[in-house]
$ cat data-v3.cif   # mmCIF, C-alpha atoms
data_upload
loop_
_atom_site.group_PDB
_atom_site.id
_atom_site.type_symbol
_atom_site.label_atom_id
_atom_site.label_comp_id
_atom_site.auth_asym_id
_atom_site.auth_seq_id
_atom_site.Cartn_x
_atom_site.Cartn_y
_atom_site.Cartn_z
ATOM 1 C CA MET O 1 38.173 4.710 1.605
ATOM 2 C CA PRO O 2 36.923 7.070 4.347
ATOM 3 C CA ASP O 3 33.268 7.017 5.296
ATOM 4 C CA ASN O 4 31.036 9.720 3.901
ATOM 5 C CA PRO O 5 29.656 11.625 6.930
ATOM 6 C CA ASP O 6 26.676 12.831 4.900
ATOM 7 C CA ARG O 7 25.676 9.225 4.250
ATOM 8 C CA HIS O 8 25.600 8.507 7.980
ATOM 9 C CA ILE O 9 23.506 11.607 8.612
ATOM 10 C CA VAL O 10 20.981 10.495 5.982
ATOM 11 C CA TYR O 11 20.943 6.966 7.407
ATOM 12 C CA ARG O 12 20.193 8.228 10.915
ATOM 13 C CA TYR O 13 17.481 10.526 9.577
ATOM 14 C CA VAL O 14 15.801 7.736 7.615
ATOM 15 C CA SER O 15 16.059 5.434 10.621
ATOM 16 C CA HIS O 16 14.303 8.091 12.695
ATOM 17 C CA LEU O 17 11.531 8.417 10.099
ATOM 18 C CA VAL O 18 10.762 4.698 9.921
ATOM 19 C CA LYS O 19 10.632 4.490 13.710
ATOM 20 C CA ASP O 20 8.023 7.257 13.605
ATOM 21 C CA THR O 21 5.932 5.310 11.070
ATOM 22 C CA PHE O 22 3.077 2.884 11.682
ATOM 23 C CA ALA O 23 1.937 0.703 8.770
ATOM 24 C CA LEU O 24 -1.568 -0.611 8.161
ATOM 25 C CA VAL O 25 -2.089 -3.331 5.562
ATOM 26 C CA LEU O 26 -5.606 -3.526 4.113
ATOM 27 C CA ALA O 27 -6.116 -7.279 3.877
ATOM 28 C CA GLY O 28 -9.872 -7.742 4.034
ATOM 29 C CA GLY O 29 -10.529 -7.887 0.295
ATOM 30 C CA ARG O 30 -12.699 -10.588 -1.199
ATOM 31 C CA GLY O 31 -11.075 -10.765 -4.630
ATOM 32 C CA SER O 32 -14.226 -11.972 -6.381
ATOM 33 C CA ARG O 33 -12.550 -11.983 -9.829
ATOM 34 C CA LEU O 34 -10.323 -14.830 -8.614
ATOM 35 C CA HIS O 35 -13.446 -17.016 -8.328
ATOM 36 C CA GLU O 36 -12.701 -20.377 -6.652
ATOM 37 C CA LEU O 37 -9.308 -19.213 -5.380
ATOM 38 C CA THR O 38 -11.036 -16.892 -2.923
ATOM 39 C CA GLU O 39 -14.076 -19.029 -2.195
ATOM 40 C CA TRP O 40 -12.706 -19.930 1.233
ATOM 41 C CA ARG O 41 -10.030 -17.318 1.865
ATOM 42 C CA ALA O 42 -9.355 -13.603 1.473
ATOM 43 C CA LYS O 43 -7.375 -12.508 -1.569
ATOM 44 C CA PRO O 44 -4.228 -11.614 0.444
ATOM 45 C CA ALA O 45 -4.150 -15.217 1.743
ATOM 46 C CA VAL O 46 -4.022 -16.751 -1.755
ATOM 47 C CA TYR O 47 -0.839 -18.687 -2.475
ATOM 48 C CA PHE O 48 1.666 -17.192 -4.918
ATOM 49 C CA GLY O 49 4.859 -18.665 -6.318
ATOM 50 C CA GLY O 50 4.290 -21.990 -4.609
ATOM 51 C CA LYS O 51 4.953 -21.335 -0.929
ATOM 52 C CA TYR O 52 4.196 -17.651 -0.416
ATOM 53 C CA ARG O 53 0.949 -15.773 0.178
ATOM 54 C CA ILE O 54 0.170 -12.448 -1.491
ATOM 55 C CA ILE O 55 0.210 -10.743 1.927
ATOM 56 C CA ASP O 56 3.885 -11.720 2.302
ATOM 57 C CA PHE O 57 4.921 -9.086 -0.243
ATOM 58 C CA PRO O 58 3.785 -5.913 1.561
ATOM 59 C CA LEU O 59 4.815 -7.396 4.910
ATOM 60 C CA SER O 60 8.303 -8.256 3.626
ATOM 61 C CA ASN O 61 8.538 -4.773 2.151
ATOM 62 C CA CYS O 62 7.759 -3.265 5.552
ATOM 63 C CA VAL O 63 10.318 -5.359 7.406
ATOM 64 C CA ASN O 64 13.045 -4.819 4.793
ATOM 65 C CA SER O 65 12.285 -1.082 4.891
ATOM 66 C CA GLY O 66 12.830 -1.038 8.650
ATOM 67 C CA ILE O 67 9.148 -0.532 9.474
ATOM 68 C CA ARG O 68 8.482 -2.947 12.320
ATOM 69 C CA ARG O 69 5.137 -1.694 13.637
ATOM 70 C CA VAL O 70 2.504 -3.180 11.348
ATOM 71 C CA GLY O 71 -1.218 -3.777 11.722
ATOM 72 C CA VAL O 72 -3.086 -6.091 9.336
ATOM 73 C CA LEU O 73 -6.781 -5.272 8.876
ATOM 74 C CA THR O 74 -8.821 -8.383 8.115
ATOM 75 C CA GLN O 75 -12.471 -8.974 7.290
ATOM 76 C CA TYR O 76 -13.599 -11.369 4.526
ATOM 77 C CA LYS O 77 -13.100 -15.092 5.353
ATOM 78 C CA SER O 78 -10.006 -14.322 7.366
ATOM 79 C CA HIS O 79 -9.281 -17.695 9.008
ATOM 80 C CA SER O 80 -6.659 -18.811 6.473
ATOM 81 C CA LEU O 81 -5.009 -15.386 6.543
ATOM 82 C CA ILE O 82 -4.943 -15.191 10.349
ATOM 83 C CA ARG O 83 -3.498 -18.707 10.603
ATOM 84 C CA HIS O 84 -0.738 -17.767 8.147
ATOM 85 C CA LEU O 85 0.081 -14.560 10.027
ATOM 86 C CA VAL O 86 0.214 -16.355 13.379
ATOM 87 C CA ARG O 87 2.471 -19.100 12.043
ATOM 88 C CA GLY O 88 4.727 -16.994 9.855
ATOM 89 C CA TRP O 89 4.752 -13.447 11.203
ATOM 90 C CA SER O 90 4.536 -13.708 14.993
ATOM 91 C CA HIS O 91 8.270 -13.820 15.753
ATOM 92 C CA PHE O 92 8.678 -10.094 16.469
ATOM 93 C CA LYS O 93 9.348 -8.781 19.968
ATOM 94 C CA LYS O 94 6.451 -6.594 21.088
ATOM 95 C CA GLU O 95 8.474 -5.442 24.090
ATOM 96 C CA LEU O 96 10.983 -3.947 21.635
ATOM 97 C CA GLY O 97 8.237 -2.117 19.768
ATOM 98 C CA GLU O 98 8.213 -4.580 16.863
ATOM 99 C CA PHE O 99 5.093 -6.448 15.802
ATOM 100 C CA VAL O 100 2.817 -7.617 13.026
ATOM 101 C CA GLU O 101 -0.571 -7.404 14.713
ATOM 102 C CA ILE O 102 -3.816 -8.856 13.407
ATOM 103 C CA LEU O 103 -6.711 -6.378 13.576
ATOM 104 C CA PRO O 104 -9.995 -8.186 12.797
ATOM 105 C CA ALA O 105 -13.081 -6.166 11.938
ATOM 106 C CA SER O 106 -14.741 -5.454 15.280
ATOM 107 C CA GLN O 107 -17.495 -2.881 14.592
ATOM 108 C CA ARG O 108 -15.987 -0.303 16.934
ATOM 109 C CA PHE O 109 -18.234 2.574 15.866
ATOM 110 C CA SER O 110 -21.264 0.793 14.417
ATOM 111 C CA GLU O 111 -22.760 -2.623 13.805
ATOM 112 C CA GLU O 112 -21.686 -2.521 10.154
ATOM 113 C CA TRP O 113 -18.654 -4.236 8.640
ATOM 114 C CA TYR O 114 -16.030 -2.030 6.999
ATOM 115 C CA GLN O 115 -17.784 0.030 4.341
ATOM 116 C CA GLY O 116 -14.640 1.006 2.432
ATOM 117 C CA THR O 117 -10.885 1.365 2.735
ATOM 118 C CA ALA O 118 -11.129 4.654 4.621
ATOM 119 C CA ASP O 119 -13.734 3.244 6.996
ATOM 120 C CA ALA O 120 -11.455 0.288 7.769
ATOM 121 C CA VAL O 121 -8.761 2.689 8.946
ATOM 122 C CA TYR O 122 -11.286 4.976 10.680
ATOM 123 C CA GLN O 123 -12.545 2.122 12.835
ATOM 124 C CA ASN O 124 -8.979 1.521 14.013
ATOM 125 C CA LEU O 125 -7.966 5.077 14.875
ATOM 126 C CA ASP O 126 -7.615 4.078 18.520
ATOM 127 C CA ILE O 127 -4.981 1.510 17.530
ATOM 128 C CA ILE O 128 -3.029 4.162 15.621
ATOM 129 C CA ARG O 129 -3.413 6.677 18.448
ATOM 130 C CA ALA O 130 -1.933 4.226 20.945
ATOM 131 C CA GLU O 131 1.234 3.900 18.842
ATOM 132 C CA LYS O 132 1.715 7.700 18.548
ATOM 133 C CA PRO O 133 3.309 7.700 15.067
ATOM 134 C CA LYS O 134 4.063 10.860 13.110
ATOM 135 C CA TYR O 135 3.302 9.090 9.840
ATOM 136 C CA VAL O 136 0.883 6.359 8.821
ATOM 137 C CA LEU O 137 1.707 4.142 5.848
ATOM 138 C CA ILE O 138 -1.423 2.523 4.400
ATOM 139 C CA LEU O 139 -0.820 -0.418 2.077
ATOM 140 C CA SER O 140 -2.908 -2.580 -0.187
ATOM 141 C CA GLY O 141 -2.509 -6.202 0.865
ATOM 142 C CA ASP O 142 -3.175 -7.805 -2.502
ATOM 143 C CA HIS O 143 -0.421 -6.764 -4.927
ATOM 144 C CA VAL O 144 2.809 -8.546 -5.833
ATOM 145 C CA TYR O 145 5.921 -6.356 -5.807
ATOM 146 C CA LYS O 146 9.100 -5.505 -3.921
ATOM 147 C CA MET O 147 9.396 -1.905 -2.754
ATOM 148 C CA ASP O 148 11.566 -0.024 -0.306
ATOM 149 C CA TYR O 149 9.166 2.404 1.371
ATOM 150 C CA ARG O 150 11.952 4.588 2.785
ATOM 151 C CA PRO O 151 12.523 6.743 -0.339
ATOM 152 C CA MET O 152 8.772 7.383 -0.511
ATOM 153 C CA LEU O 153 8.776 8.402 3.144
ATOM 154 C CA LEU O 154 11.749 10.709 2.562
ATOM 155 C CA GLU O 155 9.988 12.296 -0.410
ATOM 156 C CA HIS O 156 6.815 12.760 1.621
ATOM 157 C CA VAL O 157 8.703 14.704 4.273
ATOM 158 C CA ALA O 158 10.874 16.648 1.803
ATOM 159 C CA THR O 159 7.873 17.966 -0.144
ATOM 160 C CA GLY O 160 5.966 18.910 2.999
ATOM 161 C CA ALA O 161 3.069 16.782 1.766
ATOM 162 C CA ASP O 162 -0.071 16.086 3.753
ATOM 163 C CA MET O 163 -0.498 12.863 1.792
ATOM 164 C CA THR O 164 1.647 10.965 -0.709
ATOM 165 C CA VAL O 165 0.301 8.382 -3.173
ATOM 166 C CA SER O 166 2.602 5.817 -4.782
ATOM 167 C CA CYS O 167 1.966 5.371 -8.486
ATOM 168 C CA LEU O 168 3.339 3.917 -11.689
ATOM 169 C CA GLU O 169 2.825 4.196 -15.421
ATOM 170 C CA VAL O 170 0.483 1.602 -16.921
ATOM 171 C CA PRO O 171 -1.149 1.186 -20.346
ATOM 172 C CA ILE O 172 -4.456 3.039 -20.559
ATOM 173 C CA GLU O 173 -6.357 -0.066 -21.637
ATOM 174 C CA GLU O 174 -5.062 -1.917 -18.573
ATOM 175 C CA ALA O 175 -6.052 0.878 -16.184
ATOM 176 C CA ALA O 176 -9.531 1.538 -17.588
ATOM 177 C CA GLY O 177 -12.148 0.578 -15.015
ATOM 178 C CA THR O 178 -9.498 -1.088 -12.843
ATOM 179 C CA PHE O 179 -7.180 1.454 -11.198
ATOM 180 C CA GLY O 180 -7.435 4.881 -9.658
ATOM 181 C CA VAL O 181 -5.611 7.315 -11.954
ATOM 182 C CA MET O 182 -4.226 10.804 -11.491
ATOM 183 C CA THR O 183 -2.863 13.820 -13.294
ATOM 184 C CA VAL O 184 0.069 15.703 -11.769
ATOM 185 C CA ASP O 185 2.002 18.918 -12.329
ATOM 186 C CA GLU O 186 5.731 19.176 -13.040
ATOM 187 C CA GLU O 187 6.487 18.828 -9.316
ATOM 188 C CA SER O 188 4.361 15.654 -8.987
ATOM 189 C CA ARG O 189 1.615 17.404 -7.063
ATOM 190 C CA ILE O 190 -1.691 15.691 -7.796
ATOM 191 C CA LEU O 191 -4.125 17.940 -9.639
ATOM 192 C CA ARG O 192 -6.918 15.421 -10.221
ATOM 193 C CA PHE O 193 -7.720 11.903 -9.054
ATOM 194 C CA ASP O 194 -10.363 9.594 -10.550
ATOM 195 C CA GLU O 195 -11.199 6.172 -9.177
ATOM 196 C CA LYS O 196 -11.399 3.483 -11.876
ATOM 197 C CA PRO O 197 -12.548 5.702 -14.781
ATOM 198 C CA GLU O 198 -13.505 4.065 -18.058
ATOM 199 C CA HIS O 199 -11.413 6.602 -19.966
ATOM 200 C CA PRO O 200 -8.263 7.425 -17.961
ATOM 201 C CA ALA O 201 -6.412 10.648 -18.693
ATOM 202 C CA PRO O 202 -3.134 10.007 -20.555
ATOM 203 C CA ILE O 203 0.251 11.177 -19.332
ATOM 204 C CA PRO O 204 1.271 14.302 -21.304
ATOM 205 C CA GLY O 205 3.590 13.212 -24.096
ATOM 206 C CA GLN O 206 2.715 9.530 -23.563
ATOM 207 C CA PRO O 207 -0.721 9.050 -25.154
ATOM 208 C CA GLY O 208 -0.853 5.310 -24.435
ATOM 209 C CA LYS O 209 0.023 5.531 -20.739
ATOM 210 C CA THR O 210 -1.695 6.780 -17.596
ATOM 211 C CA LEU O 211 -0.504 7.315 -14.032
ATOM 212 C CA ALA O 212 -2.144 4.694 -11.817
ATOM 213 C CA SER O 213 -2.347 4.505 -8.045
ATOM 214 C CA MET O 214 -0.760 1.485 -6.356
ATOM 215 C CA GLY O 215 -3.108 1.828 -3.386
ATOM 216 C CA ASN O 216 -0.237 2.786 -1.064
ATOM 217 C CA TYR O 217 -0.461 6.042 0.881
ATOM 218 C CA ILE O 218 1.543 7.987 3.447
ATOM 219 C CA PHE O 219 -0.315 10.420 5.701
ATOM 220 C CA ASN O 220 0.745 12.805 8.395
ATOM 221 C CA THR O 221 -1.067 11.274 11.346
ATOM 222 C CA ASP O 222 -2.909 14.370 12.550
ATOM 223 C CA PHE O 223 -4.114 15.063 9.019
ATOM 224 C CA LEU O 224 -5.330 11.479 8.603
ATOM 225 C CA PHE O 225 -7.322 11.676 11.840
ATOM 226 C CA GLU O 226 -8.925 14.939 10.771
ATOM 227 C CA LEU O 227 -9.878 13.551 7.350
ATOM 228 C CA LEU O 228 -11.328 10.292 8.585
ATOM 229 C CA LYS O 229 -13.374 11.857 11.356
ATOM 230 C CA GLU O 230 -14.894 14.260 8.841
ATOM 231 C CA ASP O 231 -15.519 11.480 6.319
ATOM 232 C CA GLY O 232 -17.016 9.238 8.993
ATOM 233 C CA GLN O 233 -19.717 11.840 9.646
ATOM 234 C CA ASN O 234 -20.572 12.192 5.957
ATOM 235 C CA SER O 235 -23.540 9.930 5.227
ATOM 236 C CA ASP O 236 -23.138 10.486 1.472
ATOM 237 C CA SER O 237 -19.584 9.132 1.409
ATOM 238 C CA GLU O 238 -18.653 5.568 0.462
ATOM 239 C CA HIS O 239 -15.742 5.944 2.908
ATOM 240 C CA ASP O 240 -13.118 4.956 0.367
ATOM 241 C CA PHE O 241 -9.704 6.552 -0.156
ATOM 242 C CA GLY O 242 -9.824 6.402 -3.945
ATOM 243 C CA LYS O 243 -13.477 7.308 -4.419
ATOM 244 C CA ASN O 244 -13.893 9.958 -1.736
ATOM 245 C CA ILE O 245 -10.860 10.967 0.297
ATOM 246 C CA ILE O 246 -8.241 11.741 -2.361
ATOM 247 C CA PRO O 247 -10.543 13.535 -4.858
ATOM 248 C CA SER O 248 -11.861 15.742 -2.052
ATOM 249 C CA ILE O 249 -8.461 17.027 -0.899
ATOM 250 C CA VAL O 250 -6.301 17.491 -4.018
ATOM 251 C CA ASP O 251 -7.436 21.106 -4.427
ATOM 252 C CA SER O 252 -7.165 22.119 -0.786
ATOM 253 C CA HIS O 253 -4.157 20.199 0.518
ATOM 254 C CA LYS O 254 -0.677 19.130 -0.517
ATOM 255 C CA VAL O 255 -1.161 15.714 -2.085
ATOM 256 C CA TYR O 256 1.816 14.380 -4.021
ATOM 257 C CA ALA O 257 2.450 11.406 -6.277
ATOM 258 C CA TYR O 258 5.486 9.205 -5.747
ATOM 259 C CA PRO O 259 6.442 7.389 -8.991
ATOM 260 C CA PHE O 260 7.628 3.863 -8.196
ATOM 261 C CA ARG O 261 10.816 3.049 -10.118
ATOM 262 C CA ASP O 262 13.393 0.281 -9.988
ATOM 263 C CA PRO O 263 16.120 1.686 -7.693
ATOM 264 C CA GLU O 264 18.933 0.083 -9.704
ATOM 265 C CA THR O 265 17.833 0.965 -13.235
ATOM 266 C CA ASN O 266 15.421 3.873 -12.616
ATOM 267 C CA GLN O 267 13.101 2.124 -15.064
ATOM 268 C CA LEU O 268 9.564 0.896 -14.461
ATOM 269 C CA ALA O 269 9.576 -1.360 -11.420
ATOM 270 C CA TYR O 270 7.975 -4.793 -11.158
ATOM 271 C CA TRP O 271 4.411 -4.585 -9.815
ATOM 272 C CA ARG O 272 1.526 -6.923 -10.529
ATOM 273 C CA ASP O 273 -2.145 -6.585 -9.739
ATOM 274 C CA VAL O 274 -3.165 -10.242 -9.585
ATOM 275 C CA GLY O 275 -6.857 -9.498 -9.211
ATOM 276 C CA SER O 276 -8.061 -11.657 -12.104
ATOM 277 C CA LEU O 277 -7.394 -15.302 -12.935
ATOM 278 C CA ASP O 278 -5.535 -14.364 -16.122
ATOM 279 C CA ALA O 279 -3.310 -11.841 -14.320
ATOM 280 C CA PHE O 280 -2.695 -14.288 -11.478
ATOM 281 C CA TRP O 281 -1.745 -17.075 -13.895
ATOM 282 C CA GLU O 282 0.546 -14.855 -15.947
ATOM 283 C CA ALA O 283 2.350 -13.525 -12.869
ATOM 284 C CA ASN O 284 2.997 -17.061 -11.648
ATOM 285 C CA MET O 285 4.192 -18.211 -15.068
ATOM 286 C CA GLU O 286 6.655 -15.315 -15.204
ATOM 287 C CA LEU O 287 8.458 -16.910 -12.275
ATOM 288 C CA ILE O 288 9.559 -19.933 -14.315
ATOM 289 C CA SER O 289 11.391 -17.926 -16.966
ATOM 290 C CA PRO O 290 15.215 -18.348 -16.962
ATOM 291 C CA GLU O 291 15.685 -14.885 -15.439
ATOM 292 C CA PRO O 292 12.394 -13.837 -13.833
ATOM 293 C CA GLU O 293 11.868 -10.141 -13.287
ATOM 294 C CA LEU O 294 10.728 -10.918 -9.749
ATOM 295 C CA ASN O 295 13.504 -12.640 -7.790
ATOM 296 C CA LEU O 296 11.972 -14.417 -4.811
ATOM 297 C CA TYR O 297 15.400 -15.496 -3.546
ATOM 298 C CA ASP O 298 17.178 -12.158 -3.439
ATOM 299 C CA PRO O 299 19.387 -12.131 -0.295
ATOM 300 C CA LYS O 300 19.276 -8.328 -0.321
ATOM 301 C CA TRP O 301 15.472 -8.376 -0.036
ATOM 302 C CA PRO O 302 14.417 -11.626 1.655
ATOM 303 C CA MET O 303 10.838 -12.808 1.625
#
$ encode --input "data-v3.cif" --output "structure tokens"
Amino acid sequence: MPDNPDRHIVYRYVSHLVKDTFALVLAGGRGSRLHELTEWRAKPAVYFGGKYRIIDFPLSNCVNSGIRRVGVLTQYKSHSLIRHLVRGWSHFKKELGEFVEILPASQRFSEEWYQGTADAVYQNLDIIRAEKPKYVLILSGDHVYKMDYRPMLLEHVATGADMTVSCLEVPIEEAAGTFGVMTVDEESRILRFDEKPEHPAPIPGQPGKTLASMGNYIFNTDFLFELLKEDGQNSDSEHDFGKNIIPSIVDSHKVYAYPFRDPETNQLAYWRDVGSLDAFWEANMELISPEPELNLYDPKWPM
């Protein structure tokens, strides 16, 4: 069967996009609802599925998506996390432009620790600037899922978005007080964003479901710099993407939602927020079912 030339054109285009992308993983979270599990380590360093750490999921997603320039922002009790990253993720060749780099909190602009997710990125703008990416992919470091970030990146560029937020449908009772939620128009442009509301807005036609943020964002780099510099000078801001940044720009800029679906079935994809002991236990127990929804040994998407 002859090759499809259009497929090769798309492949080269996607390859170009990922090379122009720099990823930042927010891995400084305390995870207080996990109690003793995070008494001596950050939430992303908690073991999952026996031999893995939670941080391994977003990092594996980056590598499998072809994104090989990754910074990991650390803060809370980071020794265990840093040791894991040094031992397990230091095999990339920096001279080839590939790396997973540890970025400890270093009080670049003040004597304070990171005040929020946006502030964590703001204090590392010089790191981003040195890499000269066109796009910045910001990832939560404490969720369990497998996701190819390339379709999201393609969608971000195709829509001409300033910012794209990955999202998925979750039950309203699960999202209440836990997730940032959004309402969108028929073209997936975000009309409203609320951070952890007690009464999330339902999806039209699906009264029991709401559209929840996964905490993953793509920004055009210049736009991100502009936003964070402005937010950094705002003394009334909590310097958080969900609380401050996204709600402030949905009316004035092109902010789109990217619904996360299983690429093979186009159904709801596997994604777990393991922020509580019950959720953490249940997600681990799901792995021992005869056919677990999360395959940790998939040769097409190695961990």
$ resolve_selection --input "data-v3.cif" --expression "the PyMOL selection byres ((chain O and resi 172) around 12)" --output "count of residues only"
29
$ resolve_selection --input "data-v3.cif" --expression "the PyMOL selection byres ((chain O and resi 30) around 7)" --output "list of chain:residue names"
O:Gly28, O:Gly29, O:Gly31, O:Ser32, O:Thr38, O:Ala42, O:Lys43, O:Tyr76
$ resolve_selection --input "data-v3.cif" --expression "the PyMOL selection byres ((chain O and resi 282-293) around 7)" --output "ChimeraX atom specification"
/O:48-49,270,278-281,294-295
$ residues_around --input "data-v3.cif" --residues "Thr183 in chain O" --least-positions-apart "2" --cutoff "6 Å" --atoms "only C-alpha atoms" --output "PyMOL selection string"
chain O and resi 190-192
$ residues_near_point --input "data-v3.cif" --point "(-11.0, 6.4, 3.4)" --cutoff "9 Å" --atoms "all atoms listed in the file" --output "list of chain:residue names"
O:Gly116, O:Thr117, O:Ala118, O:Asp119, O:Ala120, O:Val121, O:Tyr122, O:Leu227, O:Leu228, O:Asp231, O:Gly232, O:Glu238, O:His239, O:Asp240, O:Phe241, O:Gly242, O:Lys243, O:Asn244, O:Ile245, O:Ile246
$ atom_distance --input "data-v3.cif" --atom1 "CA of Pro44 in chain O" --atom2 "CA of Phe92 in chain O"
20.6 Å
$ atom_distance --input "data-v3.cif" --atom1 "CA of Ser60 in chain O" --atom2 "CA of Val72 in chain O"
12.9 Å
$ closest_residue --input "data-v3.cif" --among "O:Lys93, O:Arg41, O:Arg150, O:Lys51" --to "Ile67 in chain O" --atoms "only C-alpha atoms"
O:Arg150
$ closest_residue --input "data-v3.cif" --among "O:Val10, O:Leu34, O:Val255, O:Val100" --to "Glu187 in chain O" --atoms "only C-alpha atoms"
O:Val255
$ closest_residue --input "data-v3.cif" --among "O:Arg261, O:Ser213, O:Ala27, O:Trp113" --to "Asp194 in chain O" --atoms "only C-alpha atoms"
O:Ser213
$ closest_residue --input "data-v3.cif" --among "O:Lys94, O:His84, O:Lys300, O:Lys134" --to "Phe223 in chain O" --atoms "only C-alpha atoms"
O:Lys134
$ atom_distance --input "data-v3.cif" --atom1 "CA of Ala257 in chain O" --atom2 "CA of Val136 in chain O"
16.0 Å
$ closest_atom_pairs --input "data-v3.cif" --of "range 115-197 of chain O" --to "range 214-222 of chain O" --cutoff "6 Å" --atoms "all atoms listed in the file" --output "Markdown table"
| residue | atom | partner | partner_atom | distance |
| --- | --- | --- | --- | --- |
| O:Lys134 | CA | O:Thr221 | CA | 5.4 |
| O:Tyr135 | CA | O:Asn220 | CA | 4.7 |
| O:Val136 | CA | O:Phe219 | CA | 5.3 |
| O:Leu137 | CA | O:Ile218 | CA | 4.5 |
| O:Ile138 | CA | O:Tyr217 | CA | 5.1 |
| O:Leu139 | CA | O:Asn216 | CA | 4.5 |
| O:Ser140 | CA | O:Gly215 | CA | 5.5 |
| O:Asp162 | CA | O:Asn220 | CA | 5.7 |
| O:Met163 | CA | O:Phe219 | CA | 4.6 |
| O:Thr164 | CA | O:Ile218 | CA | 5.1 |
| O:Val165 | CA | O:Tyr217 | CA | 4.7 |
| O:Ser166 | CA | O:Asn216 | CA | 5.6 |
| O:Cys167 | CA | O:Met214 | CA | 5.2 |
$ residues_around --input "data-v3.cif" --residues "Ile102 in chain O" --least-positions-apart "2" --cutoff "8 Å" --atoms "all atoms listed in the file" --output "ChimeraX atom specification"
/O:71-74,82,85,100,104
$ axis_aligned_box --input "data-v3.cif" --around "range 162-174 of chain O" --padding-each-side "5 Å" --output "JSON"
{"center_x": -1.5, "center_y": 7.1, "center_z": -8.9, "size_x": 19.7, "size_y": 28.0, "size_z": 35.4}
$ residues_around --input "data-v3.cif" --residues "Asp148 in chain O" --least-positions-apart "3" --cutoff "10 Å" --atoms "only C-alpha atoms" --output "list in words"
Pro58, Ser60, Asn61, Cys62, Val63, Asn64, Ser65, Gly66, Pro151, Met152, Leu153, Phe260, Asp262, Pro263 and Trp301 of chain O
$ closest_residue --input "data-v3.cif" --among "O:Tyr52, O:Ala161, O:His143, O:Ile127" --to "Ser276 in chain O" --atoms "all atoms listed in the file"
O:His143
$ closest_residue --input "data-v3.cif" --among "O:Asp236, O:Leu154, O:Glu226, O:Phe193" --to "Val14 in chain O" --atoms "only C-alpha atoms"
O:Leu154
$ residues_around --input "data-v3.cif" --residues "Glu131 in chain O" --least-positions-apart "6" --cutoff "10 Å" --atoms "all atoms listed in the file" --output "VMD selection string"
chain O and resid 20 to 22 69 97
$ decode --input "data-v3.cif" --residues "range 233-245 of chain O" --atoms "N, CA and C atoms" --output "compact mmCIF listing (two decimals), in the first residue's frame"
# COMPACT_ATOMS: atom_id res chain seq x y z
N GLN O 233 2.57 41.76 39.47
CA GLN O 233 2.51 43.12 40.02
C GLN O 233 1.20 43.41 40.72
N ASN O 234 0.29 42.45 40.71
CA ASN O 234 -1.03 42.63 41.32
C ASN O 234 -1.01 42.10 42.75
N SER O 235 -0.97 42.99 43.71
CA SER O 235 -0.87 42.57 45.12
C SER O 235 -2.14 41.91 45.62
N ASP O 236 -3.26 42.07 44.90
CA ASP O 236 -4.51 41.45 45.32
C ASP O 236 -4.67 40.03 44.78
N SER O 237 -3.79 39.61 43.91
CA SER O 237 -3.90 38.29 43.29
C SER O 237 -3.31 37.21 44.19
N GLU O 238 -3.87 36.01 44.11
CA GLU O 238 -3.29 34.85 44.79
C GLU O 238 -2.30 34.13 43.88
N HIS O 239 -2.11 34.67 42.68
CA HIS O 239 -1.11 34.18 41.72
C HIS O 239 -1.32 32.70 41.39
N ASP O 240 -2.57 32.39 41.07
CA ASP O 240 -2.94 31.01 40.77
C ASP O 240 -3.65 30.96 39.42
N PHE O 241 -3.33 29.97 38.60
CA PHE O 241 -3.95 29.89 37.28
C PHE O 241 -5.47 29.74 37.37
N GLY O 242 -5.92 28.82 38.22
CA GLY O 242 -7.36 28.56 38.31
C GLY O 242 -8.14 29.67 38.98
N LYS O 243 -7.57 30.25 40.03
CA LYS O 243 -8.28 31.28 40.79
C LYS O 243 -8.24 32.65 40.12
N ASN O 244 -7.13 32.97 39.49
CA ASN O 244 -6.92 34.34 39.02
C ASN O 244 -6.71 34.47 37.51
N ILE O 245 -5.77 33.71 36.98
CA ILE O 245 -5.37 33.91 35.59
C ILE O 245 -6.50 33.59 34.61
